[in-house]
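Visitor: If you scroll down you'll find the structure; I have some questions about it.
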Amino acid sequence: MSKALRLSEKWFRRGLWLVALVFAGFLTGLGGTVVGDLPRVERTLVLDDFLDRAEAERLRAGIRQSGQAAQEAQAALEQARLKLQVAQADTRSTRETLANWLATRNATQRAEQDPQVLARTRALDGLQQAERQAAGEVERQEQAALDARQAQQRSRQALAEMERQGQQRLAAERRRQELRVFLYRLALTLPLLAAAGWLFAQHRRGSWWPFVWGFILFALFAFFVELVPYLPSYGGYVRYIVGIVITVLVGRWAIVALNRYLERQKLAEQLPDAQRREEMSYDTALTRLAKSVCPGCERPVDLKNPAIDFCPHCGIGLHDACGRCRTRKNAFSRFCHACGAAAAAPA
């Protein structure tokens with residue numbers, strides 16, 4: 001069709017397409033902002049919303065207390081072990097000293113050394129008693145640390161089970177929330193798509209077509225970019241089912257439109273040549289001729305062949321002679337390209 005337009009008209013049309021794109025861009029920005037803010041309608045969900053708050057806090061406090069008790073018991077255990085090591089060292093040293101005294105006493109057989117042997121024996125007994133007490137303290141601290149760790153582990157297991165059940169409820173509620181947000185998007189985009197379809201069918205060639213096409217582009221973007229990526233999956237079933245439904249609807253519309261078009265073409269080909277010319281747009285005829293197809297039936301025709309003046313498929317005239325200069329010309333031209341005479345001018 002561009003070959004049939006005036007040069008200024010071409011630039012005007014390009015400018016109007018630019019207006020359509022700019023209009024669509026601003027509408028898309030506004031629509032994206034609105035769609036992006038739709039999730040804020042729903043409250044942000046957290047795991048604690050699906051837990052028994054009091055029980056969860058009790059378990060968490062128990063975990064903290066058990067952890068603190070375990071740390072304190074571990075510190076006390078290290079101190080007790082250090083004291084046990086000192087006691088064991090003292091006992092070992094005293095035992096070695098006593099053994100040396102006893103060996104000396106047996107060798108010398110001196111009776112005056114017996115009180116020292118008894119004193120050293122009593123001191124060794126006291127050290128062994130202190131060692132046993134230190135060992136008992138170590139065992140007590142080990143038991144305290146073990147009890148604290150086991151209590152902490154029980155609290156953690158109970159809290160983990162509670163959080164697992166809460167996580168399941170949270171996931172289910174999030175899926176429902178995503179579905180609600182998707183329905184919000186659907187309620188916003190479907191009317192836009194319906195309005196775009198009506199504008200395409202009724203006003204795409206009207207005087208205000210740049211705004212019509214801008215709105216159509218915006219509606220398509222809102223549907224395929226702002227809606228389709230957020231389509232709930234549910235294992236893929238929803239998306240596949242929606243895809244099948246859309247494909248069937250679009251395919252049915254295309255098949256029905258094609259059959260109607262073919263029926264209109266068959267009826268048009270049965271009309272007289274003059275009537276078909278009157279009903280055909282001048283720009284449409286020139287556009288089809290520029291594509292080397294018949295303006296009447298849209299079948300390919302060799303227009304460069306000077307022997308072809310009529311379409312061999314539908315019979316519509318493609319070339320005729322000027323009524324003034326008899327020059328062969330395009331039958332749809334309004335003026336002769338050789339003499340400039342009007343197409344209907346007499347010879």
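If you're wondering about the labels, chains in the structure tokens are A, B, ... by order shown, residues count from 1 in each chain, ligands from 1 in order shown.
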Can you pull out every residue within 12 Å of Gly62 of chain A, counting only C-alpha atoms, but drop anything in the same chain fewer than 4 positions away, and send it as a list in words?
Guide: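 Surrounding residues, per the criterion: Glu55, Ala56, Glu57, Arg58, Ser66, Gly67, Gln68, Ala69, Ala70, Ala148, Arg149, Gln150, Ala151, Gln152, Gln153, Arg154, Ser155, Arg156, Gln157, Ala158 and Leu159 of chain A.
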Visitor: Within 10 Å of Leu188 of chain A, counting only C-alpha atoms, which residues show up once you throw out same-chain ones fewer than 6 positions away? Write them as a list in words, please.
Guide: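 Skipping anything fewer than 6 positions along the chain leaves Gly31, Val34, Val35, Phe182, Ala222, Phe223 and Leu227 of chain A.
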Visitor: Report, in Å with one decimal, the straight-line distance from atom CA of Leu45 of chain A to atom CA of Arg64 of chain A.
Guide: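 These atoms are spaced 25.6 Å apart.
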Visitor: Excluding same-chain residues fewer than 6 positions from Leu51 of chain A, what lies within 10 Å of it counting only C-alpha atoms, as a PDB file with N, CA and C atoms, in the first residue's frame?
Guide:
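Dumped to out27.pdb:
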ATOM      1  N   GLU A  57       7.044 -19.705  71.222  1.00  0.00           N
ATOM      2  CA  GLU A  57       7.904 -18.885  72.079  1.00  0.00           C
ATOM      3  C   GLU A  57       8.435 -19.682  73.264  1.00  0.00           C
ATOM      4  N   LEU A 159      10.055 -27.910  67.998  1.00  0.00           N
ATOM      5  CA  LEU A 159       9.890 -26.680  67.214  1.00  0.00           C
ATOM      6  C   LEU A 159       9.987 -26.967  65.719  1.00  0.00           C
ATOM      7  N   MET A 162       6.720 -28.415  64.588  1.00  0.00           N
ATOM      8  CA  MET A 162       5.718 -27.357  64.514  1.00  0.00           C
ATOM      9  C   MET A 162       5.941 -26.476  63.288  1.00  0.00           C
ATOM     10  N   GLU A 163       7.200 -26.131  62.998  1.00  0.00           N
ATOM     11  CA  GLU A 163       7.498 -25.289  61.839  1.00  0.00           C
ATOM     12  C   GLU A 163       7.233 -26.032  60.537  1.00  0.00           C
ATOM     13  N   ARG A 164       7.465 -27.359  60.535  1.00  0.00           N
ATOM     14  CA  ARG A 164       7.173 -28.137  59.325  1.00  0.00           C
ATOM     15  C   ARG A 164       5.685 -28.082  58.997  1.00  0.00           C
ATOM     16  N   GLN A 165       4.843 -28.288  59.998  1.00  0.00           N
ATOM     17  CA  GLN A 165       3.405 -28.204  59.767  1.00  0.00           C
ATOM     18  C   GLN A 165       2.986 -26.778  59.388  1.00  0.00           C
ATOM     19  N   GLY A 166       3.606 -25.790  60.057  1.00  0.00           N
ATOM     20  CA  GLY A 166       3.307 -24.402  59.702  1.00  0.00           C
ATOM     21  C   GLY A 166       3.755 -24.065  58.297  1.00  0.00           C
ATOM     22  N   GLN A 167       4.896 -24.630  57.863  1.00  0.00           N
ATOM     23  CA  GLN A 167       5.387 -24.384  56.511  1.00  0.00           C
ATOM     24  C   GLN A 167       4.422 -24.930  55.473  1.00  0.00           C
ATOM     25  N   ARG A 169       1.144 -25.250  55.860  1.00  0.00           N
ATOM     26  CA  ARG A 169      -0.004 -24.331  55.825  1.00  0.00           C
ATOM     27  C   ARG A 169       0.375 -23.015  55.155  1.00  0.00           C
ATOM     28  N   LEU A 170       1.598 -22.547  55.395  1.00  0.00           N
ATOM     29  CA  LEU A 170       2.057 -21.312  54.749  1.00  0.00           C
ATOM     30  C   LEU A 170       2.108 -21.473  53.235  1.00  0.00           C
TER      31      LEU A 170
END
Visitor: For a quick check of understanding, using only C-alpha atoms, which of A:Ala135, A:Ala130, A:Cys294, A:Leu231 has the smallest distance to Arg180 of chain A?
Guide: A:Leu231
Visitor: Residues within 10 Å of Pro300 of chain A, please, as a PDB file with C-alpha atoms, in the first residue's frame. Count only C-alpha atoms; anything in the same chain fewer than 2 positions from it doesn't count.
Guide:
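The resulting file, out.pdb, is shown below:
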ATOM      1  CA  ARG A 288      -2.348  -6.021  -4.502  1.00  0.00           C
ATOM      2  CA  LEU A 289      -1.056  -5.157  -7.953  1.00  0.00           C
ATOM      3  CA  LYS A 291       2.487  -7.638  -4.960  1.00  0.00           C
ATOM      4  CA  SER A 292       1.834  -9.164  -8.434  1.00  0.00           C
ATOM      5  CA  VAL A 293      -1.511 -10.613  -7.373  1.00  0.00           C
ATOM      6  CA  CYS A 294      -4.979 -10.108  -8.814  1.00  0.00           C
ATOM      7  CA  PRO A 295      -6.915  -7.373  -6.993  1.00  0.00           C
ATOM      8  CA  CYS A 297      -9.122 -12.960  -6.210  1.00  0.00           C
ATOM      9  CA  GLU A 298      -5.605 -12.316  -4.797  1.00  0.00           C
ATOM     10  CA  ASP A 302       2.249 -12.303 -14.234  1.00  0.00           C
ATOM     11  CA  LEU A 303       1.532  -8.595 -14.661  1.00  0.00           C
ATOM     12  CA  CYS A 311      -7.065 -12.349 -14.626  1.00  0.00           C
ATOM     13  CA  PRO A 312      -7.038 -15.980 -15.767  1.00  0.00           C
ATOM     14  CA  HIS A 313      -8.568 -17.018 -12.412  1.00  0.00           C
TER      15      HIS A 313
END
Visitor: Could you list, as a ChimeraX atom specification, every residue within 9 Å of Ala341 of chain A, counting only C-alpha atoms and ignoring same-chain residues fewer than 3 positions away?
Guide: /A:322-325,334-338,344-345
Visitor: So which residues touch Ile316 of chain A within 12 Å, counting only C-alpha atoms, skipping near sequence neighbours fewer than 5 positions away, as a list in words?
Guide: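 My reading of the contact set: Ala268, Glu269, Gln270, Leu271, Pro272, Asp273, Ala274, Gln275, Arg276, Arg277, Met280, Ala285, Val293, Cys294, Pro295, Gly296, Cys297, Glu298, Arg299, Val301, Ile308, Asp309, Phe310, Cys311, Ala331 and Phe332 of chain A.
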Visitor: Those residues with N, CA and C atoms, as a compact mmCIF listing (two decimals), in the first residue's frame please?
Guide:
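Done, and the output landed in again-v3.txt:
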# COMPACT_ATOMS: atom_id res chain seq x y z
N ALA A 268 -17.85 -12.67 -4.58
CA ALA A 268 -17.35 -11.49 -5.29
C ALA A 268 -16.92 -11.84 -6.70
N GLU A 269 -16.35 -13.03 -6.86
CA GLU A 269 -15.89 -13.42 -8.20
C GLU A 269 -17.05 -13.67 -9.16
N GLN A 270 -18.26 -13.86 -8.63
CA GLN A 270 -19.42 -14.07 -9.48
C GLN A 270 -20.08 -12.77 -9.90
N LEU A 271 -19.66 -11.63 -9.32
CA LEU A 271 -20.26 -10.34 -9.65
C LEU A 271 -19.70 -9.83 -10.97
N PRO A 272 -20.41 -8.93 -11.62
CA PRO A 272 -19.89 -8.33 -12.85
C PRO A 272 -18.61 -7.54 -12.58
N ASP A 273 -17.82 -7.39 -13.65
CA ASP A 273 -16.53 -6.72 -13.53
C ASP A 273 -16.69 -5.29 -13.03
N ALA A 274 -17.66 -4.55 -13.54
CA ALA A 274 -17.84 -3.14 -13.15
C ALA A 274 -18.21 -3.02 -11.68
N GLN A 275 -19.09 -3.90 -11.23
CA GLN A 275 -19.51 -3.83 -9.83
C GLN A 275 -18.36 -4.16 -8.89
N ARG A 276 -17.54 -5.10 -9.29
CA ARG A 276 -16.39 -5.46 -8.45
C ARG A 276 -15.41 -4.30 -8.36
N ARG A 277 -15.27 -3.54 -9.43
CA ARG A 277 -14.36 -2.39 -9.41
C ARG A 277 -14.90 -1.30 -8.49
N MET A 280 -14.30 -2.14 -4.85
CA MET A 280 -12.91 -2.32 -4.45
C MET A 280 -12.24 -0.97 -4.20
N ALA A 285 -6.50 -2.01 -4.42
CA ALA A 285 -6.16 -2.55 -5.74
C ALA A 285 -4.70 -2.31 -6.08
N VAL A 293 -0.36 -9.74 -7.56
CA VAL A 293 -1.51 -10.61 -7.37
C VAL A 293 -2.73 -9.91 -7.94
N CYS A 294 -3.75 -10.67 -8.27
CA CYS A 294 -4.98 -10.11 -8.81
C CYS A 294 -5.72 -9.33 -7.72
N PRO A 295 -6.17 -8.12 -8.00
CA PRO A 295 -6.92 -7.37 -6.99
C PRO A 295 -8.24 -8.01 -6.64
N GLY A 296 -8.80 -8.84 -7.55
CA GLY A 296 -10.11 -9.43 -7.29
C GLY A 296 -10.04 -10.70 -6.48
N CYS A 297 -9.17 -11.66 -6.88
CA CYS A 297 -9.12 -12.96 -6.21
C CYS A 297 -7.84 -13.18 -5.42
N GLU A 298 -6.87 -12.27 -5.53
CA GLU A 298 -5.61 -12.32 -4.80
C GLU A 298 -4.77 -13.53 -5.16
N ARG A 299 -4.95 -14.04 -6.37
CA ARG A 299 -4.08 -15.12 -6.85
C ARG A 299 -2.94 -14.53 -7.66
N VAL A 301 -0.49 -13.41 -10.49
CA VAL A 301 -0.67 -13.13 -11.92
C VAL A 301 0.63 -12.48 -12.43
N ILE A 308 -1.31 -10.48 -21.08
CA ILE A 308 -2.33 -10.73 -20.06
C ILE A 308 -3.03 -9.42 -19.73
N ASP A 309 -4.30 -9.30 -20.12
CA ASP A 309 -5.11 -8.13 -19.79
C ASP A 309 -6.22 -8.46 -18.80
N PHE A 310 -6.50 -9.74 -18.59
CA PHE A 310 -7.54 -10.17 -17.66
C PHE A 310 -6.97 -11.27 -16.76
N CYS A 311 -7.51 -11.32 -15.56
CA CYS A 311 -7.07 -12.35 -14.63
C CYS A 311 -7.53 -13.71 -15.13
N ALA A 331 -5.75 -1.04 -15.54
CA ALA A 331 -7.20 -0.83 -15.60
C ALA A 331 -7.73 -0.12 -14.36
N PHE A 332 -6.96 -0.11 -13.28
CA PHE A 332 -7.42 0.52 -12.05
C PHE A 332 -6.88 1.94 -11.88
Visitor: Nearest residue to Phe12 of chain A out of A:Arg260, A:Thr189, A:Pro210, A:Arg252, using only C-alpha atoms?
Guide: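 Comparing A:Arg260, A:Thr189, A:Pro210, A:Arg252 against Phe12 of chain A, the winner is A:Pro210.
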Visitor: So, counting only C-alpha atoms, which residue among A:Gly206, A:Trp11, A:Asp147, A:Phe215 is closest to Phe26 of chain A?
Guide: A:Phe215
